[in-house]
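Below: one structure, written as structure tokens.
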Amino acid sequence: MCGIVGAFSFSDSPFAVSEPYIVQMRDTLIHRGPDGAGVWISPNRNVGLGHRRLAIIDLSETASQPMCNEDGALWVVFNGEIYNHAEIRQELESLGGHRWKTDHSDTEVILHAFEQWGIDCLQRFRGMFAIAIWDQGKQELWLIRDRVGIKPLYYSIHHGRIVFASEIKALLQDPAQTRAVNEEGFFHYLSFLTVPAPDTLFDGIHKLPSGTWMRVRADGQVREYRYWDVLDHTQSLAGMAEEEIAGRILAELRTSVKLRKVSDVPVGVFLSGGIDSSTNAALFSEGEASVVKTFSIGYDGEYLSYQNELHYARLVADKVGAEYHEKLLGIQDLIDFLPRMVQLQDEPIGDPVCVPVYYVSKLARDNGVIVCQVGEGADELFCGYPHWKTLLNAQKLDNLPVPRWLKTALTAALCFVGMNKDWRYEYLRRSSSGLPLFWGGAGAFTDVQKMNLLSTRMRKKFAGRTSWEVLAPIRKRFEEKSRDKEPLDWMAYLDLNLRLPELLLMRVDKMCMGVSLEGRVPFLDHKFVELAMSVPARLKTATGTLKYILKKAVRGVIPDEIIDRKKQGFAAPIHEWYEGHLGLIAEQELKAFCMHTDLLNWEELKKAFNTKHKAALWPLLNAALWHKEYFMREEI
């Protein structure tokens, strides 16, 4: 796990890449790699690669990056882990012609695999990765993001060069990089709590979408290609018995967890007390000679909006014989963390769960652990959210043969009488437009709410537009590739393409790496994802039970008390905290944001501070703090 940076100056550009230029970018990422640093500049100074190292696999100096192959024709910088690297190395050795300088570095396997199979080598990799490969002979740069988007990779093309990095803050070290708000990105952020790839909230700075590679040639020609789509790898399990499907799920998950135990440094587990993290802890403990360390976060009080789950976490830790660690957070922990949170995020991640994720990561690192397994992905793959079930039922009703003109008339009537600001109206509006009701699992504001929040100028700029334009290409792929076109399959597919890679996995990556901790995600192993997306939708909510088939698969692995308890997501008591000092901070910061930008309508925001829904302003506070950090500080 590391931080990577680099630059490629095109053939018609006078810009020469220098070591100080690369090092300045690289060393903004020390938190991603405190164990070492490297830099390489090509002989003609058109390419530079930089690397910060968090040593996890092959701790020797020979495994340091940037790394080249035998003859220096290929160079690589890489962030992530290739879990099946030993198997691929064995295959390469059997083919002959490869000389190795490391004992078991997965980075070196990437080089020789690319040397052997070209870009098709990606089909052999099982892991999480952001990779940059420089082909000296062809004068080509390859940028690659893993299938599910667990690791980030940002880039910017300007002034005759492409610059890339694990984090945006590194790109901002380039003095020629424009620093401006991407207003299109801001418009969509208000819908999704994140800016969908390939955009970011910085104008001109992009992120490589998940499952995609990009090839850049010396003349500046860019080709982007989606090399993996889960719907290309599903299979029909319709005729398979329920028990057999459950058995396959458990077997594949057991393999995924085992792969993610591979490390030359201590590995632990985040434990919330829910099904997913509890399953991780139980499977991780199987066959372990040493005691597994688990880490849990709770809050220093009882809140209506969030109940502590620590007693469930302790129950699981006790069952698997784990060493249990917990930390209780209060509102001051959140307030103290806000400046650092914004720095680590780079662009707003409008989800307050960033706060507990950071503190549980710090708890793990403070207790000697360098790698932790986390539970993201299971709820999206197996329908674990109660509101998904509600929306799924609504979609089934919406699919009944009701004339569209009637829906349109009802939508207009509700708008006329002023009943157009809640989610019921939003779903009716989508239905009357012939669109699916589900636009992602992280809805922030309805379209009406969003337009009301925007400034007059922004309302005019985005009049008649919605964030469906972001989802339309994803929907097109789904319609073309999905076998059954079930509404639940659409929900999972959409979140695999947007909410998971750009929101949930980024909060894990940014917060974990903020304390130099690697987060591994067993439920998002691509082989497991392909299997989960092959399971018939009916088995995910059979008998009206959320995650029915996953619960069946893990029954006997974790206590029934965990499986049968009421669902509670990993969250923070933001609602209650907004009633105190956090609310005052939010009001002050948002007022200043409105004064210095022409993005939001302060008069509309003021109304929200006088309602019981002020906690919904968290993503706006996040954006205001981001703008203050990256646009208002004196040294900028």
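Each chain in the structure tokens gets a letter, A, B and so on, in the order shown; residues start at 1 in every chain, and ligands are counted from 1 in the order they appear.
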
Please provide as a PyMOL selection string all residues within 12 Å of Ser272 (chain A), with the sequence filter that same-chain residues fewer than 2 positions apart are discarded (counting only C-alpha atoms).
-> chain A and resi 269-270+274-281+294-298+307-317+324-327+356-357+360+373-376+562+567-571

Contacts of His526 (chain A) within 9 Å, only C-alpha atoms, excl. fewer than 6 positions in-chain, as a list in words |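 Selected residues are Arg126, Gly127, Arg147, Val148 and Val230 of chain A.
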
What separation in Å, quoted to one decimal, exists between CA of Arg52 (chain A) and CA of Arg26 (chain A)?
->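 Computed distance, CA of Arg52 (chain A) to CA of Arg26 (chain A), equals 6.7 Å.
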
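Of the listed residues A:Ile331, A:Ala170, A:Leu49, A:Val292, the one whose atoms come nearest to Trp577 (chain A) is A:Ile331, with distances taken using only C-alpha atoms.
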
Just the alpha helix (DSSP H) stuff from region 159-397 of chain A, please, per backbone DSSP, written as a PDB file with C-alpha atoms, in the first residue's frame.
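New file out-v3.pdb:
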```
ATOM      1  CA  ILE A 168      -5.564  15.366  -5.579  1.00  0.00           C
ATOM      2  CA  LYS A 169      -3.380  17.325  -3.167  1.00  0.00           C
ATOM      3  CA  ALA A 170      -0.313  16.035  -5.003  1.00  0.00           C
ATOM      4  CA  LEU A 171      -1.600  17.358  -8.344  1.00  0.00           C
ATOM      5  CA  GLU A 183     -19.742  23.543 -10.981  1.00  0.00           C
ATOM      6  CA  GLU A 184     -21.050  20.507 -12.870  1.00  0.00           C
ATOM      7  CA  GLY A 185     -19.432  18.341 -10.226  1.00  0.00           C
ATOM      8  CA  PHE A 186     -20.996  20.422  -7.459  1.00  0.00           C
ATOM      9  CA  PHE A 187     -24.459  20.024  -9.029  1.00  0.00           C
ATOM     10  CA  HIS A 188     -24.107  16.232  -9.001  1.00  0.00           C
ATOM     11  CA  TYR A 189     -22.476  16.180  -5.565  1.00  0.00           C
ATOM     12  CA  LEU A 190     -25.743  17.501  -4.148  1.00  0.00           C
ATOM     13  CA  SER A 191     -27.408  14.348  -5.439  1.00  0.00           C
ATOM     14  CA  PHE A 192     -24.823  11.677  -4.679  1.00  0.00           C
ATOM     15  CA  GLU A 242     -30.698 -22.631  -2.472  1.00  0.00           C
ATOM     16  CA  GLU A 243     -28.401 -24.651  -0.204  1.00  0.00           C
ATOM     17  CA  GLU A 244     -25.827 -25.048  -2.972  1.00  0.00           C
ATOM     18  CA  ILE A 245     -25.836 -21.301  -3.717  1.00  0.00           C
ATOM     19  CA  ALA A 246     -25.373 -20.543  -0.011  1.00  0.00           C
ATOM     20  CA  GLY A 247     -22.493 -23.011   0.099  1.00  0.00           C
ATOM     21  CA  ARG A 248     -20.801 -21.394  -2.894  1.00  0.00           C
ATOM     22  CA  ILE A 249     -21.154 -17.954  -1.315  1.00  0.00           C
ATOM     23  CA  LEU A 250     -19.493 -19.092   1.903  1.00  0.00           C
ATOM     24  CA  ALA A 251     -16.720 -20.930   0.060  1.00  0.00           C
ATOM     25  CA  GLU A 252     -15.893 -17.939  -2.153  1.00  0.00           C
ATOM     26  CA  LEU A 253     -15.993 -15.564   0.801  1.00  0.00           C
ATOM     27  CA  ARG A 254     -13.727 -17.861   2.805  1.00  0.00           C
ATOM     28  CA  THR A 255     -11.235 -17.789  -0.103  1.00  0.00           C
ATOM     29  CA  SER A 256     -11.472 -13.995  -0.311  1.00  0.00           C
ATOM     30  CA  VAL A 257     -10.791 -13.526   3.400  1.00  0.00           C
ATOM     31  CA  LYS A 258      -7.898 -15.995   3.285  1.00  0.00           C
ATOM     32  CA  LEU A 259      -6.294 -14.134   0.368  1.00  0.00           C
ATOM     33  CA  ILE A 275     -23.234  -9.498   9.943  1.00  0.00           C
ATOM     34  CA  ASP A 276     -20.522  -8.382   7.529  1.00  0.00           C
ATOM     35  CA  SER A 277     -17.730  -7.417   9.897  1.00  0.00           C
ATOM     36  CA  SER A 278     -18.597 -10.321  12.206  1.00  0.00           C
ATOM     37  CA  THR A 279     -18.271 -12.748   9.298  1.00  0.00           C
ATOM     38  CA  ASN A 280     -14.911 -11.203   8.409  1.00  0.00           C
ATOM     39  CA  ALA A 281     -13.710 -11.680  11.988  1.00  0.00           C
ATOM     40  CA  ALA A 282     -14.941 -15.267  12.196  1.00  0.00           C
ATOM     41  CA  LEU A 283     -13.478 -16.366   8.851  1.00  0.00           C
ATOM     42  CA  PHE A 284     -10.234 -14.507   9.516  1.00  0.00           C
ATOM     43  CA  SER A 285      -9.855 -16.393  12.808  1.00  0.00           C
ATOM     44  CA  LEU A 310     -20.440  -2.478  21.050  1.00  0.00           C
ATOM     45  CA  HIS A 311     -22.035  -5.306  23.030  1.00  0.00           C
ATOM     46  CA  TYR A 312     -22.566  -7.197  19.749  1.00  0.00           C
ATOM     47  CA  ALA A 313     -18.967  -6.525  18.730  1.00  0.00           C
ATOM     48  CA  ARG A 314     -17.750  -7.847  22.105  1.00  0.00           C
ATOM     49  CA  LEU A 315     -19.944 -10.925  21.718  1.00  0.00           C
ATOM     50  CA  VAL A 316     -18.360 -11.776  18.348  1.00  0.00           C
ATOM     51  CA  ALA A 317     -14.829 -11.028  19.540  1.00  0.00           C
ATOM     52  CA  ASP A 318     -15.369 -13.345  22.490  1.00  0.00           C
ATOM     53  CA  LYS A 319     -16.752 -16.118  20.266  1.00  0.00           C
ATOM     54  CA  VAL A 320     -13.773 -16.069  17.889  1.00  0.00           C
ATOM     55  CA  ILE A 331     -18.722  15.562  19.647  1.00  0.00           C
ATOM     56  CA  GLN A 332     -15.358  17.144  20.457  1.00  0.00           C
ATOM     57  CA  ASP A 333     -13.599  14.296  18.641  1.00  0.00           C
ATOM     58  CA  LEU A 334     -15.558  15.193  15.525  1.00  0.00           C
ATOM     59  CA  ILE A 335     -14.904  18.929  15.833  1.00  0.00           C
ATOM     60  CA  ASP A 336     -11.197  18.393  16.451  1.00  0.00           C
ATOM     61  CA  PHE A 337     -10.994  16.152  13.390  1.00  0.00           C
ATOM     62  CA  LEU A 338     -12.818  18.397  10.895  1.00  0.00           C
ATOM     63  CA  PRO A 339      -9.723  20.233   9.526  1.00  0.00           C
ATOM     64  CA  ARG A 340      -7.774  16.992   9.111  1.00  0.00           C
ATOM     65  CA  MET A 341     -10.806  15.258   7.583  1.00  0.00           C
ATOM     66  CA  VAL A 342     -11.034  17.866   4.826  1.00  0.00           C
ATOM     67  CA  GLN A 343      -7.305  17.606   4.102  1.00  0.00           C
ATOM     68  CA  LEU A 344      -7.512  13.826   3.806  1.00  0.00           C
ATOM     69  CA  GLN A 345     -10.642  13.795   1.658  1.00  0.00           C
ATOM     70  CA  CYS A 354     -15.605   9.332   7.599  1.00  0.00           C
ATOM     71  CA  VAL A 355     -15.272  10.365  11.258  1.00  0.00           C
ATOM     72  CA  PRO A 356     -15.638   6.939  12.927  1.00  0.00           C
ATOM     73  CA  VAL A 357     -13.680   5.270  10.097  1.00  0.00           C
ATOM     74  CA  TYR A 358     -10.730   7.566  10.805  1.00  0.00           C
ATOM     75  CA  TYR A 359     -10.815   6.931  14.546  1.00  0.00           C
ATOM     76  CA  VAL A 360     -11.158   3.154  14.241  1.00  0.00           C
ATOM     77  CA  SER A 361      -8.238   3.217  11.778  1.00  0.00           C
ATOM     78  CA  LYS A 362      -6.172   5.202  14.244  1.00  0.00           C
ATOM     79  CA  LEU A 363      -7.125   2.785  17.029  1.00  0.00           C
ATOM     80  CA  ALA A 364      -5.833  -0.107  14.929  1.00  0.00           C
ATOM     81  CA  ARG A 365      -2.613   1.637  13.963  1.00  0.00           C
ATOM     82  CA  ASP A 366      -1.965   2.699  17.565  1.00  0.00           C
ATOM     83  CA  ALA A 378     -22.169  -6.830   1.348  1.00  0.00           C
ATOM     84  CA  ASP A 379     -25.204  -4.581   1.798  1.00  0.00           C
ATOM     85  CA  GLU A 380     -25.051  -3.486  -1.842  1.00  0.00           C
ATOM     86  CA  LEU A 381     -24.537  -7.009  -3.210  1.00  0.00           C
ATOM     87  CA  PHE A 382     -27.203  -8.729  -1.086  1.00  0.00           C
ATOM     88  CA  PRO A 386     -34.225  -1.430   4.758  1.00  0.00           C
ATOM     89  CA  HIS A 387     -34.809   1.567   2.459  1.00  0.00           C
ATOM     90  CA  TRP A 388     -33.712  -0.557  -0.501  1.00  0.00           C
ATOM     91  CA  LYS A 389     -36.488  -3.012   0.300  1.00  0.00           C
ATOM     92  CA  THR A 390     -39.015  -0.166   0.507  1.00  0.00           C
ATOM     93  CA  LEU A 391     -37.865   1.255  -2.811  1.00  0.00           C
ATOM     94  CA  LEU A 392     -37.810  -2.185  -4.400  1.00  0.00           C
ATOM     95  CA  ASN A 393     -41.472  -2.684  -3.473  1.00  0.00           C
ATOM     96  CA  ALA A 394     -42.284   0.779  -4.797  1.00  0.00           C
ATOM     97  CA  GLN A 395     -40.552  -0.031  -8.085  1.00  0.00           C
ATOM     98  CA  LYS A 396     -42.617  -3.207  -8.444  1.00  0.00           C
ATOM     99  CA  LEU A 397     -45.799  -1.148  -7.992  1.00  0.00           C
TER     100      LEU A 397
END
```

Excluding same-chain residues fewer than 3 positions from Ile585 (chain A), what lies within 12 Å of it counting only C-alpha atoms, as a ChimeraX atom specification?
-> /A:334-336,338,577-582,588-592,609,617-618,621-622,624-625

Please produce an output containing N, CA, C and O atoms for each residue in the selection, written as a PDB file, in the first residue's frame.
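Contents of the output file out31.pdb:
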```pdb
ATOM      1  N   LEU A 334     -15.177  14.804  16.883  1.00  0.00           N
ATOM      2  CA  LEU A 334     -15.558  15.193  15.525  1.00  0.00           C
ATOM      3  C   LEU A 334     -15.058  16.590  15.194  1.00  0.00           C
ATOM      4  O   LEU A 334     -14.448  16.815  14.141  1.00  0.00           O
ATOM      5  N   ILE A 335     -15.294  17.536  16.090  1.00  0.00           N
ATOM      6  CA  ILE A 335     -14.904  18.929  15.833  1.00  0.00           C
ATOM      7  C   ILE A 335     -13.388  19.049  15.685  1.00  0.00           C
ATOM      8  O   ILE A 335     -12.895  19.747  14.799  1.00  0.00           O
ATOM      9  N   ASP A 336     -12.661  18.347  16.533  1.00  0.00           N
ATOM     10  CA  ASP A 336     -11.197  18.393  16.451  1.00  0.00           C
ATOM     11  C   ASP A 336     -10.696  17.817  15.122  1.00  0.00           C
ATOM     12  O   ASP A 336      -9.655  18.247  14.601  1.00  0.00           O
ATOM     13  N   LEU A 338     -12.307  17.794  12.124  1.00  0.00           N
ATOM     14  CA  LEU A 338     -12.818  18.397  10.895  1.00  0.00           C
ATOM     15  C   LEU A 338     -11.724  18.932   9.966  1.00  0.00           C
ATOM     16  O   LEU A 338     -11.735  18.633   8.758  1.00  0.00           O
ATOM     17  N   TRP A 577     -25.685  15.886  17.480  1.00  0.00           N
ATOM     18  CA  TRP A 577     -24.519  16.761  17.563  1.00  0.00           C
ATOM     19  C   TRP A 577     -24.767  18.112  16.907  1.00  0.00           C
ATOM     20  O   TRP A 577     -24.172  19.116  17.280  1.00  0.00           O
ATOM     21  N   TYR A 578     -25.652  18.135  15.912  1.00  0.00           N
ATOM     22  CA  TYR A 578     -25.990  19.405  15.276  1.00  0.00           C
ATOM     23  C   TYR A 578     -26.763  20.329  16.204  1.00  0.00           C
ATOM     24  O   TYR A 578     -26.812  21.539  15.998  1.00  0.00           O
ATOM     25  N   GLU A 579     -27.367  19.753  17.234  1.00  0.00           N
ATOM     26  CA  GLU A 579     -28.105  20.588  18.187  1.00  0.00           C
ATOM     27  C   GLU A 579     -27.166  21.359  19.103  1.00  0.00           C
ATOM     28  O   GLU A 579     -27.582  22.289  19.793  1.00  0.00           O
ATOM     29  N   GLY A 580     -25.908  20.987  19.116  1.00  0.00           N
ATOM     30  CA  GLY A 580     -24.935  21.650  19.968  1.00  0.00           C
ATOM     31  C   GLY A 580     -23.960  22.492  19.162  1.00  0.00           C
ATOM     32  O   GLY A 580     -24.321  23.178  18.200  1.00  0.00           O
ATOM     33  N   HIS A 581     -22.685  22.392  19.540  1.00  0.00           N
ATOM     34  CA  HIS A 581     -21.652  23.250  18.967  1.00  0.00           C
ATOM     35  C   HIS A 581     -21.454  23.013  17.473  1.00  0.00           C
ATOM     36  O   HIS A 581     -21.119  23.943  16.728  1.00  0.00           O
ATOM     37  N   LEU A 582     -21.691  21.792  17.020  1.00  0.00           N
ATOM     38  CA  LEU A 582     -21.517  21.495  15.599  1.00  0.00           C
ATOM     39  C   LEU A 582     -22.469  22.340  14.754  1.00  0.00           C
ATOM     40  O   LEU A 582     -22.102  22.814  13.670  1.00  0.00           O
ATOM     41  N   GLN A 588     -21.884  29.053  10.787  1.00  0.00           N
ATOM     42  CA  GLN A 588     -20.824  30.026  10.535  1.00  0.00           C
ATOM     43  C   GLN A 588     -20.079  29.707   9.230  1.00  0.00           C
ATOM     44  O   GLN A 588     -19.834  30.604   8.407  1.00  0.00           O
ATOM     45  N   GLU A 589     -19.721  28.447   9.035  1.00  0.00           N
ATOM     46  CA  GLU A 589     -18.948  28.077   7.857  1.00  0.00           C
ATOM     47  C   GLU A 589     -19.771  28.195   6.576  1.00  0.00           C
ATOM     48  O   GLU A 589     -19.262  28.628   5.528  1.00  0.00           O
ATOM     49  N   LEU A 590     -21.035  27.823   6.640  1.00  0.00           N
ATOM     50  CA  LEU A 590     -21.867  27.891   5.448  1.00  0.00           C
ATOM     51  C   LEU A 590     -22.191  29.333   5.061  1.00  0.00           C
ATOM     52  O   LEU A 590     -22.278  29.667   3.872  1.00  0.00           O
ATOM     53  N   LYS A 591     -22.349  30.179   6.046  1.00  0.00           N
ATOM     54  CA  LYS A 591     -22.579  31.597   5.742  1.00  0.00           C
ATOM     55  C   LYS A 591     -21.354  32.181   5.040  1.00  0.00           C
ATOM     56  O   LYS A 591     -21.480  32.910   4.041  1.00  0.00           O
ATOM     57  N   ALA A 592     -20.160  31.855   5.530  1.00  0.00           N
ATOM     58  CA  ALA A 592     -18.933  32.339   4.898  1.00  0.00           C
ATOM     59  C   ALA A 592     -18.788  31.767   3.484  1.00  0.00           C
ATOM     60  O   ALA A 592     -18.372  32.473   2.553  1.00  0.00           O
ATOM     61  N   PHE A 609     -31.585  25.698   9.107  1.00  0.00           N
ATOM     62  CA  PHE A 609     -31.037  25.712  10.458  1.00  0.00           C
ATOM     63  C   PHE A 609     -32.124  25.878  11.519  1.00  0.00           C
ATOM     64  O   PHE A 609     -31.876  25.682  12.701  1.00  0.00           O
ATOM     65  N   LEU A 617     -27.587  18.947   6.416  1.00  0.00           N
ATOM     66  CA  LEU A 617     -26.662  19.925   5.864  1.00  0.00           C
ATOM     67  C   LEU A 617     -25.204  19.456   5.930  1.00  0.00           C
ATOM     68  O   LEU A 617     -24.311  20.178   5.486  1.00  0.00           O
ATOM     69  N   TRP A 618     -24.952  18.263   6.481  1.00  0.00           N
ATOM     70  CA  TRP A 618     -23.577  17.791   6.593  1.00  0.00           C
ATOM     71  C   TRP A 618     -22.821  17.850   5.271  1.00  0.00           C
ATOM     72  O   TRP A 618     -21.682  18.338   5.231  1.00  0.00           O
ATOM     73  N   LEU A 621     -21.818  21.413   4.664  1.00  0.00           N
ATOM     74  CA  LEU A 621     -20.727  21.823   5.557  1.00  0.00           C
ATOM     75  C   LEU A 621     -19.407  21.259   5.044  1.00  0.00           C
ATOM     76  O   LEU A 621     -18.386  21.951   5.031  1.00  0.00           O
ATOM     77  N   ASN A 622     -19.435  20.020   4.599  1.00  0.00           N
ATOM     78  CA  ASN A 622     -18.235  19.387   4.073  1.00  0.00           C
ATOM     79  C   ASN A 622     -17.692  20.179   2.881  1.00  0.00           C
ATOM     80  O   ASN A 622     -16.488  20.432   2.762  1.00  0.00           O
ATOM     81  N   ALA A 624     -18.245  23.359   2.238  1.00  0.00           N
ATOM     82  CA  ALA A 624     -17.783  24.673   2.699  1.00  0.00           C
ATOM     83  C   ALA A 624     -16.385  24.576   3.301  1.00  0.00           C
ATOM     84  O   ALA A 624     -15.524  25.428   3.047  1.00  0.00           O
ATOM     85  N   LEU A 625     -16.151  23.550   4.098  1.00  0.00           N
ATOM     86  CA  LEU A 625     -14.828  23.361   4.699  1.00  0.00           C
ATOM     87  C   LEU A 625     -13.788  23.034   3.630  1.00  0.00           C
ATOM     88  O   LEU A 625     -12.631  23.465   3.716  1.00  0.00           O
TER      89      LEU A 625
END
```

Find the residues around Ala409 (chain A) up to 9 Å (only C-alpha atoms counted), leave out those fewer than 5 positions away in its own chain, and share them as a list in words.
-> Arg404, Leu414 and Ser432 of chain A

May I have the residues from that selection written out with N, CA, C and O atoms, as a CSV table (one decimal), in the first residue's frame?
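Once written, out.csv looks like this:
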```
chain,number,residue,atom,x,y,z
A,404,ARG,N,-48.8,6.8,-18.3
A,404,ARG,CA,-47.8,7.8,-17.9
A,404,ARG,C,-48.4,9.2,-17.8
A,404,ARG,O,-48.1,10.0,-17.0
A,414,LEU,N,-49.4,17.9,-7.6
A,414,LEU,CA,-48.7,18.0,-6.4
A,414,LEU,C,-47.7,19.3,-6.4
A,414,LEU,O,-47.6,19.9,-5.3
A,432,SER,N,-42.9,9.3,-13.7
A,432,SER,CA,-43.6,10.0,-14.8
A,432,SER,C,-42.7,10.3,-16.0
A,432,SER,O,-43.2,10.5,-17.1
```
